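Here is the structure we will look at.
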Amino acid sequence: HRYTRSRKQKPTMTASEIPNEMKRLVVTSAGKGTSVADCTIEVETVPTPTPKSGEVLVKVTAAPINPSDYGSWYLSKADSYPIVIGLEGCGVVVATGGGLTTYRCPVGTKVGFVCGGGKQGSYSQYVTMNAITEIFPMPDDVPIEDCASFMVNPYTAVGILDTAQQAGSTKAIVHTAAASQVGQMLNKLAPMQDMEIINVVRREEQKKLLEELGAKHIVVTSGEEEVWKKELKDLVKELGATCAFDAVAGDMTGHLLDVMPIKGSVYLYGALAGKAGNINPSDLIYRKKQLKSFYLTSWIKSGGSYQMVKRMMSAGNLVNSGLGQGGWCCSQFEDVTMEKAHQSIVEALDSSITGKKLRIRFD
């Protein structure tokens with residue numbers, strides 16, 4: 001390998017210490033194509049990538065397992081396999097390919113990264129990343145492994161509140177699957193912006209988890225539909241919520257439209273219960289309610305390049321300030337190895353509690 005190192009910092013590894021080969025996780029088959037459990041996931045040995053000009057080589061410390069990661073694992077076309085997997089992760093820059101842009105993250109810099117293009121995945125021992133568009137310097141005072149989940153969940157929480165505020169729902173929002181990592185972050189971030197979260201969960205133990213975080217408004221849907229819907233509708237009216245963000249879909253989407261006020265909006269951003277349904281056309285036609293979508297990438301890019309840069313700088317500062325222990329976007333992790341990652345994912349999906357996020361460790 002040929003590498004260029006910055007003179008600003010001493011390297012953490014020498015070129016001879018960077019191995020010629022590395023391990024990574026790949027999905028080799030979708031199986032029946034109905035669930036993550038059907039997939040065949042293997043540890044693959046491949047050449048360690050070499051950074052080009054403008055790129056850095058990151059020795060991966062850890063990578064989180066997000067629901068947004070594994071949808072494609074069993075839904076892709078047959079000729080797409082094997083698929084490299086993992087969207088985000090964190091680690092330390094160990095070499096650069098040279099070029100002016102790499103001076104923003106010299107060797108030794110602790111970084112988060114986002115994989116794009118499908119050629120590399122974060123569930124790898126090493127990745128090469130564009131030093132401008134795919135690398136995010138992490139705070140020095142936070143252990144790098146604790147920055148593993150710096151992007152998808154924290155930026156989704158920031159984006160949800162920003163979208164609600166832009167739509168005029170500045171007092172409160174409704175959020176489903178509220179015991180999720182995103183839900184927990186929203187309950188910590190919203191008070192900082194003088195907003196309330198109306199949390200919708202399926203089980204009493206999820207309610208307890210949120211109460212321990214200080215959540216005030218929690219509706220449990222395991223009881224009689226008429227009862228919990230009235231409770232939810234009363235909270236929507238009392239707190240002035242005009243937007244709901246739905247990660248569940250299925251019949252829940254229609255329930256949310258029903259309890260929203262006239263001209264209210266429901267934003268879909270997940271499909272835990274499958275296709276959205278149970279929608280009363282009158283809500284859309286006569287009551288002028290709207291069914292929309294929230295997609296993190298679209299939120300980031302909205303408004304053109306100038307607005308995107310401003311938005312990412314503002315969100316980045318907010319996220320980095322909250323990654324430390326006790327911060328609003330600090331995650332509680334359960335560590336797994338590459339070899340046991342698949343089994344751990346399947347077990348986590350069967351659980352109703354999401355207090356901890358799975359994290360693959362590579363160090």
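Residues in the structure tokens are named by chain (A, B, ... in the order shown) and by number from 1 within that chain; ligands are numbered from 1 in the order shown.
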
- Where in stretch 30-142 of chain A does DSSP assign strand (DSSP E or B), given as a PyMOL selection string? chain A and resi 40-47+55-64+83-84+88-96+110-114+124+126-130+135-137

- Message: I'd like the neighbourhood of A:Asn317 as JSON, numbers by chain, where a residue qualifies if any of its atoms comes within 12 Å (using only C-alpha atoms), though same-chain residues fewer than 6 positions away should be ignored.
- Response: {"A": [136, 137, 138, 139, 150, 154, 155, 158, 310, 311, 323]}

Write a file of the just-selected residues containing N, CA and C atoms, as a PDB file, in the first residue's frame.
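Below is the file out-v3.pdb, written as the result:
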ATOM      1  N   PHE A 136     -16.879  12.770   9.514  1.00  0.00           N
ATOM      2  CA  PHE A 136     -17.365  13.740  10.490  1.00  0.00           C
ATOM      3  C   PHE A 136     -16.465  13.679  11.728  1.00  0.00           C
ATOM      4  N   PRO A 137     -15.660  14.720  11.976  1.00  0.00           N
ATOM      5  CA  PRO A 137     -14.834  14.711  13.188  1.00  0.00           C
ATOM      6  C   PRO A 137     -15.691  14.587  14.441  1.00  0.00           C
ATOM      7  N   MET A 138     -15.258  13.745  15.365  1.00  0.00           N
ATOM      8  CA  MET A 138     -15.976  13.501  16.601  1.00  0.00           C
ATOM      9  C   MET A 138     -15.323  14.266  17.757  1.00  0.00           C
ATOM     10  N   PRO A 139     -16.084  14.529  18.822  1.00  0.00           N
ATOM     11  CA  PRO A 139     -15.532  15.288  19.957  1.00  0.00           C
ATOM     12  C   PRO A 139     -14.388  14.540  20.636  1.00  0.00           C
ATOM     13  N   PHE A 150     -23.637   8.039  15.759  1.00  0.00           N
ATOM     14  CA  PHE A 150     -23.659   9.510  15.720  1.00  0.00           C
ATOM     15  C   PHE A 150     -24.588  10.079  14.659  1.00  0.00           C
ATOM     16  N   PRO A 154     -29.511  10.281  15.895  1.00  0.00           N
ATOM     17  CA  PRO A 154     -29.501  11.685  16.332  1.00  0.00           C
ATOM     18  C   PRO A 154     -29.973  12.660  15.253  1.00  0.00           C
ATOM     19  N   TYR A 155     -29.508  12.482  14.019  1.00  0.00           N
ATOM     20  CA  TYR A 155     -29.917  13.405  12.958  1.00  0.00           C
ATOM     21  C   TYR A 155     -31.392  13.228  12.610  1.00  0.00           C
ATOM     22  N   VAL A 158     -33.209  15.277  15.240  1.00  0.00           N
ATOM     23  CA  VAL A 158     -33.093  16.707  14.904  1.00  0.00           C
ATOM     24  C   VAL A 158     -33.998  17.037  13.721  1.00  0.00           C
ATOM     25  N   LYS A 310     -25.515  24.657   5.872  1.00  0.00           N
ATOM     26  CA  LYS A 310     -25.942  25.310   7.108  1.00  0.00           C
ATOM     27  C   LYS A 310     -26.628  24.321   8.050  1.00  0.00           C
ATOM     28  N   ARG A 311     -27.501  23.511   7.478  1.00  0.00           N
ATOM     29  CA  ARG A 311     -28.268  22.552   8.276  1.00  0.00           C
ATOM     30  C   ARG A 311     -27.336  21.520   8.917  1.00  0.00           C
ATOM     31  N   LEU A 323     -23.293  13.741  22.522  1.00  0.00           N
ATOM     32  CA  LEU A 323     -22.833  12.352  22.413  1.00  0.00           C
ATOM     33  C   LEU A 323     -22.217  11.811  23.700  1.00  0.00           C
TER      34      LEU A 323
END

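Omitting stretch 193-205 of chain A and its sequence neighbours fewer than 3 positions away, and counting only C-alpha atoms, the residues within 6 Å are Lys171, Ala172, Ile173, Val174, His175, Thr176, Ala177, Ala178, Ala190, Lys208, His217, Ile218, Val219, Val220, Thr221 and Ser222 of chain A.
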
- Please identify all polymer residues within 12 Å of stretch 271-274 of chain A, counting only C-alpha atoms, omitting same-chain residues fewer than 6 positions from it, and present them as a PyMOL selection string. chain A and resi 34-35+67-68+71+176-177+180+202+245-253+293+349

So that I have them on file, write out the residues from the current selection with N, CA and C atoms, as a compact mmCIF listing (two decimals), in the first residue's frame.
# COMPACT_ATOMS: atom_id res chain seq x y z
N THR A 34 -38.15 -12.91 3.44
CA THR A 34 -39.26 -12.38 4.23
C THR A 34 -38.83 -11.70 5.52
N SER A 35 -37.60 -11.96 5.97
CA SER A 35 -37.15 -11.36 7.23
C SER A 35 -35.63 -11.41 7.34
N PRO A 67 -32.23 -0.25 12.28
CA PRO A 67 -33.30 -0.82 11.44
C PRO A 67 -33.20 -0.37 9.98
N SER A 68 -32.68 0.86 9.77
CA SER A 68 -32.53 1.35 8.40
C SER A 68 -31.46 0.58 7.64
N GLY A 71 -33.19 -3.50 6.14
CA GLY A 71 -34.31 -3.70 5.23
C GLY A 71 -33.88 -4.27 3.89
N THR A 176 -44.71 7.63 17.29
CA THR A 176 -44.98 6.22 17.53
C THR A 176 -43.68 5.43 17.64
N ALA A 177 -43.79 4.19 18.09
CA ALA A 177 -42.61 3.37 18.40
C ALA A 177 -41.67 4.18 19.28
N SER A 180 -38.14 3.47 21.04
CA SER A 180 -36.96 3.25 20.22
C SER A 180 -35.85 4.21 20.61
N ARG A 202 -46.53 0.28 22.57
CA ARG A 202 -47.40 -0.90 22.58
C ARG A 202 -47.55 -1.52 23.95
N PHE A 245 -45.41 11.72 13.79
CA PHE A 245 -44.35 11.03 13.06
C PHE A 245 -44.48 9.54 13.37
N ASP A 246 -44.71 8.77 12.31
CA ASP A 246 -45.11 7.37 12.47
C ASP A 246 -44.05 6.42 11.92
N ALA A 247 -43.47 5.65 12.81
CA ALA A 247 -42.49 4.63 12.41
C ALA A 247 -43.14 3.25 12.31
N VAL A 248 -44.44 3.16 12.61
CA VAL A 248 -45.12 1.87 12.69
C VAL A 248 -45.84 1.53 11.40
N ALA A 249 -46.62 2.47 10.86
CA ALA A 249 -47.48 2.24 9.68
C ALA A 249 -48.58 1.23 10.03
N GLY A 250 -48.99 0.38 9.09
CA GLY A 250 -50.12 -0.50 9.34
C GLY A 250 -51.36 0.31 9.67
N ASP A 251 -52.19 -0.20 10.57
CA ASP A 251 -53.41 0.52 10.96
C ASP A 251 -53.11 1.79 11.75
N MET A 252 -51.93 1.87 12.36
CA MET A 252 -51.60 3.04 13.18
C MET A 252 -51.68 4.33 12.39
N THR A 253 -51.32 4.29 11.11
CA THR A 253 -51.34 5.51 10.29
C THR A 253 -52.73 6.10 10.24
N SER A 293 -44.22 12.03 4.07
CA SER A 293 -43.12 11.15 4.46
C SER A 293 -41.99 11.98 5.05
N LEU A 349 -34.94 -8.21 17.47
CA LEU A 349 -36.20 -7.95 16.77
C LEU A 349 -37.38 -8.64 17.45

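Checking A:Leu25, A:Val182, A:Met313, A:Val266 one by one against A:Ser169, counting only C-alpha atoms, you find the shortest gap at A:Val266.
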
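You can rank A:Ile83, A:Ala131, A:Ala30, A:Ala315 by their closest distance to A:Lys52 using only C-alpha atoms, and at the top of that list sits A:Ala131.
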
- Message: Given only C-alpha atoms as the basis, pick out the residue of A:Glu44, A:Glu238, A:Glu226, A:Asp350 nearest to A:Gln125.
- Response: A:Glu44
